[in-house]
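Content type CSV, C-alpha atoms, from the file my_file31.csv:
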```
chain,number,residue,atom,x,y,z
A,24,GLY,CA,24.2,0.2,-20.7
A,25,ALA,CA,23.8,-0.4,-17.0
A,26,LYS,CA,23.8,3.2,-15.8
A,27,THR,CA,21.7,4.8,-13.1
A,28,ILE,CA,18.9,6.9,-14.6
A,29,PRO,CA,17.3,9.7,-12.7
A,30,ILE,CA,13.5,9.3,-12.1
A,31,LYS,CA,10.8,11.7,-10.9
A,32,VAL,CA,7.5,10.2,-9.9
A,33,LYS,CA,4.3,12.0,-9.1
A,34,ALA,CA,3.2,9.2,-6.8
A,35,ARG,CA,0.0,10.5,-5.3
A,36,GLY,CA,-2.3,13.4,-6.1
A,37,ALA,CA,-3.9,15.6,-3.4
A,38,GLN,CA,-7.5,14.4,-4.2
A,39,ALA,CA,-9.5,11.2,-3.4
A,40,VAL,CA,-9.2,7.9,-5.2
A,41,ASP,CA,-11.2,4.7,-5.0
A,42,HIS,CA,-8.9,2.4,-3.0
A,43,TRP,CA,-9.5,-1.4,-3.5
A,44,PHE,CA,-9.9,-2.0,0.2
A,45,PHE,CA,-10.7,1.3,1.9
A,46,GLY,CA,-13.1,2.7,-0.7
A,47,ARG,CA,-13.1,6.4,-1.4
A,48,MET,CA,-9.9,7.7,0.2
A,49,VAL,CA,-7.6,10.7,0.3
A,50,HIS,CA,-4.1,10.7,1.9
A,51,ASP,CA,-3.4,13.7,4.0
A,52,LEU,CA,0.1,14.7,2.7
A,53,ALA,CA,0.9,16.5,5.9
A,54,GLY,CA,0.4,13.3,7.8
A,55,MET,CA,2.9,11.2,5.8
A,56,SER,CA,6.1,9.8,7.3
A,57,LEU,CA,8.8,7.7,5.6
A,58,SER,CA,9.7,4.2,6.8
A,59,LYS,CA,13.3,5.2,6.0
A,60,PRO,CA,15.1,8.0,4.1
A,61,ARG,CA,15.6,5.9,0.9
A,62,LEU,CA,12.6,3.8,-0.4
A,63,ALA,CA,12.5,1.1,-3.0
A,64,ILE,CA,10.9,1.7,-6.4
A,65,ASP,CA,9.5,-1.6,-7.9
A,66,TYR,CA,7.4,-2.6,-10.9
A,67,CYS,CA,3.7,-3.0,-10.1
A,68,HIS,CA,4.3,-3.6,-6.4
A,69,ARG,CA,6.3,-6.7,-7.1
A,70,GLU,CA,9.0,-7.0,-4.5
A,71,ASP,CA,10.9,-9.4,-6.8
A,72,GLU,CA,11.2,-6.6,-9.4
A,73,VAL,CA,12.9,-3.7,-7.5
A,74,MET,CA,14.1,-1.2,-10.1
A,75,GLY,CA,15.7,1.6,-8.1
A,76,PHE,CA,15.1,4.0,-5.2
A,77,ALA,CA,13.6,7.3,-4.2
A,78,ASN,CA,15.4,9.6,-1.8
A,79,LYS,CA,13.8,13.0,-2.2
A,80,PHE,CA,10.2,13.6,-1.4
A,81,GLU,CA,8.0,16.7,-1.8
A,82,THR,CA,4.3,17.0,-0.8
A,83,GLU,CA,3.2,20.4,-2.1
A,84,GLY,CA,0.2,19.8,-4.3
A,85,GLY,CA,0.8,16.0,-4.3
A,86,LEU,CA,3.5,13.5,-3.5
A,87,VAL,CA,6.5,13.8,-5.8
A,88,ALA,CA,9.5,11.5,-5.3
A,89,SER,CA,12.8,11.6,-7.0
A,90,GLY,CA,15.6,9.1,-7.2
A,91,ALA,CA,17.1,6.7,-9.7
A,92,LEU,CA,16.4,3.6,-11.6
A,93,THR,CA,19.4,1.2,-11.3
A,94,PRO,CA,19.4,-1.3,-14.2
A,95,PHE,CA,22.0,-4.1,-13.8
A,96,GLN,CA,21.4,-6.1,-17.0
A,97,GLU,CA,20.5,-5.2,-20.5
A,98,LYS,CA,17.1,-7.0,-20.3
A,99,ASP,CA,16.0,-6.4,-16.7
A,100,ARG,CA,12.8,-4.6,-15.8
A,101,ALA,CA,14.4,-1.3,-15.2
A,102,SER,CA,16.0,-1.3,-18.7
A,103,GLU,CA,12.7,-2.3,-20.2
A,104,VAL,CA,10.8,0.5,-18.5
A,105,ILE,CA,13.5,3.1,-19.5
A,106,PHE,CA,13.4,1.9,-23.1
A,107,LYS,CA,9.6,1.8,-23.4
A,108,SER,CA,9.3,5.2,-21.7
A,109,GLN,CA,11.8,6.7,-24.3
A,110,GLN,CA,9.5,5.2,-27.0
A,111,GLY,CA,6.5,7.0,-25.6
A,112,VAL,CA,4.9,4.6,-23.2
A,113,PRO,CA,3.3,6.7,-20.4
A,114,TYR,CA,3.8,5.0,-17.0
A,115,GLU,CA,1.9,5.9,-13.9
A,116,ALA,CA,2.7,5.3,-10.2
A,117,SER,CA,1.4,3.8,-7.1
A,118,ILE,CA,2.3,4.0,-3.4
A,119,PHE,CA,2.8,1.3,-0.8
A,120,PHE,CA,1.7,2.6,2.6
A,121,ASP,CA,2.0,0.6,5.8
A,122,PRO,CA,-1.4,-0.5,7.0
A,123,ALA,CA,0.0,-1.3,10.5
A,124,GLU,CA,0.8,2.5,11.0
A,125,LEU,CA,-2.4,4.0,9.6
A,126,ILE,CA,-4.8,6.4,11.3
A,127,LEU,CA,-8.0,7.0,9.3
A,128,GLU,CA,-10.7,9.6,9.8
A,129,GLU,CA,-14.1,8.4,8.6
A,130,VAL,CA,-16.1,11.2,6.9
A,131,PRO,CA,-19.8,10.3,6.7
A,132,GLN,CA,-22.2,11.3,3.9
A,133,GLY,CA,-23.2,14.9,4.2
A,134,MET,CA,-20.0,16.0,6.1
A,135,SER,CA,-16.7,17.4,4.8
A,136,VAL,CA,-13.3,18.0,6.2
A,137,PRO,CA,-10.3,20.0,5.0
A,138,VAL,CA,-7.4,18.0,3.6
A,139,ASN,CA,-4.5,19.0,1.3
A,140,GLY,CA,-5.9,22.5,0.9
A,141,LEU,CA,-9.2,21.2,-0.4
A,142,GLN,CA,-12.6,20.1,1.1
A,143,PHE,CA,-13.1,16.4,1.1
A,144,ALA,CA,-16.9,15.6,1.2
A,145,GLY,CA,-18.0,12.2,2.5
A,146,PRO,CA,-18.6,9.4,2.4
A,147,GLY,CA,-15.0,8.3,2.6
A,148,VAL,CA,-11.9,8.1,4.7
A,149,VAL,CA,-8.9,10.4,5.1
A,150,ALA,CA,-5.5,8.8,5.9
A,151,ARG,CA,-4.5,11.4,8.5
A,152,LYS,CA,-1.3,9.6,9.6
A,153,TRP,CA,0.4,7.1,7.3
A,154,THR,CA,3.9,5.7,6.6
A,155,LEU,CA,5.2,5.5,3.0
A,156,ARG,CA,7.2,2.3,2.5
A,157,GLY,CA,7.7,2.2,-1.2
A,158,LEU,CA,6.7,3.2,-4.7
A,159,ALA,CA,5.7,1.3,-7.8
A,160,VAL,CA,6.0,2.2,-11.5
A,161,CYS,CA,3.1,0.7,-13.3
A,162,PRO,CA,1.0,1.0,-16.5
A,163,TYR,CA,-2.1,2.0,-14.5
A,164,GLY,CA,-1.9,3.5,-11.0
A,165,GLN,CA,-4.9,3.6,-8.6
A,166,ASP,CA,-4.5,7.4,-8.8
A,167,LYS,CA,-4.9,8.4,-12.5
A,168,ASN,CA,-3.2,11.7,-11.7
A,169,THR,CA,0.2,10.1,-11.3
A,170,ALA,CA,3.1,10.1,-13.8
A,171,VAL,CA,6.7,8.9,-14.1
A,172,GLU,CA,9.4,11.0,-15.8
A,173,PHE,CA,12.9,9.9,-16.7
A,174,SER,CA,16.0,11.9,-17.6
A,175,ALA,CA,18.5,10.3,-19.9
A,176,GLY,CA,8.8,-8.4,1.8
A,177,GLN,CA,7.4,-9.2,4.9
A,178,HIS,CA,3.7,-8.2,5.4
A,179,PRO,CA,1.8,-8.3,8.7
A,180,LYS,CA,-0.7,-11.1,8.9
A,181,GLU,CA,-2.9,-9.0,11.2
A,182,VAL,CA,-3.4,-5.3,10.9
A,183,ALA,CA,-5.1,-3.0,13.4
A,184,VAL,CA,-6.6,0.1,11.8
A,185,ARG,CA,-7.6,2.9,14.2
A,186,TYR,CA,-10.4,5.3,13.1
A,187,THR,CA,-10.5,8.7,14.7
A,188,GLN,CA,-13.4,11.2,14.9
A,189,THR,CA,-12.5,14.9,14.4
A,190,GLU,CA,-14.7,17.9,14.2
A,191,GLN,CA,-16.5,17.7,10.8
A,192,LEU,CA,-18.3,20.4,8.9
A,193,PRO,CA,-21.4,19.9,6.8
A,194,ALA,CA,-20.6,19.2,3.1
A,195,VAL,CA,-20.6,22.2,0.8
A,196,GLU,CA,-21.1,22.4,-2.9
A,197,ALA,CA,-17.8,24.3,-3.5
A,198,ALA,CA,-15.1,25.3,-1.0
A,199,PRO,CA,-14.6,29.0,-0.6
A,200,ALA,CA,-11.2,30.4,-1.5
A,201,ALA,CA,-10.6,31.4,2.1
A,202,VAL,CA,-12.4,30.5,5.3
A,203,GLU,CA,-12.4,32.7,8.4
A,204,PRO,CA,-11.9,30.8,11.6
A,205,VAL,CA,-14.9,30.6,14.0
A,206,LYS,CA,-14.4,32.7,17.1
A,207,ASP,CA,-15.5,31.4,20.5
A,208,SER,CA,-18.1,34.2,20.7
A,209,ASP,CA,-19.7,33.3,17.5
A,210,THR,CA,-22.9,31.2,17.7
A,211,ALA,CA,-24.7,29.1,15.1
```
Is it possible to express this structure as structure tokens?
Amino acid sequence: GAKTIPIKVKARGAQAVDHWFFGRMVHDLAGMSLSKPRLAIDYCHREDEVMGFANKFETEGGLVASGALTPFQEKDRASEVIFKSQQGVPYEASIFFDPAELILEEVPQGMSVPVNGLQFAGPGVVARKWTLRGLAVCPYGQDKNTAVEFSAGQHPKEVAVRYTQTEQLPAVEAAPAAVEPVKDSDTA
């Protein structure tokens, strides 16, 4: 039937992925903002296949969004995804972030920066400030650490991306469990 079905989506892990445009990238979950309180969930980033919405967002250990799929016909995409998921098809997720509101930190080879409680070693970029505009349920997400669980547009033609430089630390083999802050009186 055409009933709303709760959905929980692990939409983004805390670690780096290989982004099709930006290369090796990690999203700083503390720098995320929402374009609005309720975001569309579509199928494979197809704006003509909106299946529901997300209205609850958590960022501890990764981005987890909750909401509902809203099928309206027996054979629409939301009904298909619900049916196939119940039969064991493992769906993943993907995020749609606004490139017009993106602040990236470039991390060169041999340097590392803290992000999401981990050390990110370059080369790569950290999305320090970014706006989440939507989510997609798909067979294969860019981030393989995503998952989808069920219980019973206009795009800018030109995008300006601003890179920032912050204090970077030399890359380390393994990050220590706790790091003492450097005092002003300490010297290298």
Exercise. Pick from A:Ala101, A:Leu52, A:Ala37, A:Leu127: nearest to Asp65 (chain A), with all atoms listed in the file counted?
Worked result: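 Looking only at the distances to Asp65 (chain A), the closest residue turns out to be A:Ala101.
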For this session: Quote the spacing between CA of Lys59 (chain A) and CA of Ala170 (chain A) in Å to one decimal place.
Result: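 So the two atoms, CA of Lys59 (chain A) and CA of Ala170 (chain A), lie 22.8 Å apart.
Closest approach to Ala88 (chain A) among A:Lys31, A:Lys107, A:Arg61, A:Arg69: A:Lys31, based on all atoms listed in the file.
Here CA of Val32 (chain A) and CA of Lys167 (chain A) stand 12.8 Å from one another.
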For this session: For Ser117 (chain A), list every protein, DNA or RNA residue within 9 Å, evaluated using all atoms listed in the file, and leave out those in the same chain fewer than 4 positions away; present the list as a ChimeraX atom specification.
Result: /A:33-35,67-68,157-161,163-166,169
For this session: Grab the CA of Ser58 (chain A) to CA of Phe119 (chain A) distance for me, in Å with one decimal place.
Result: 10.7 Å
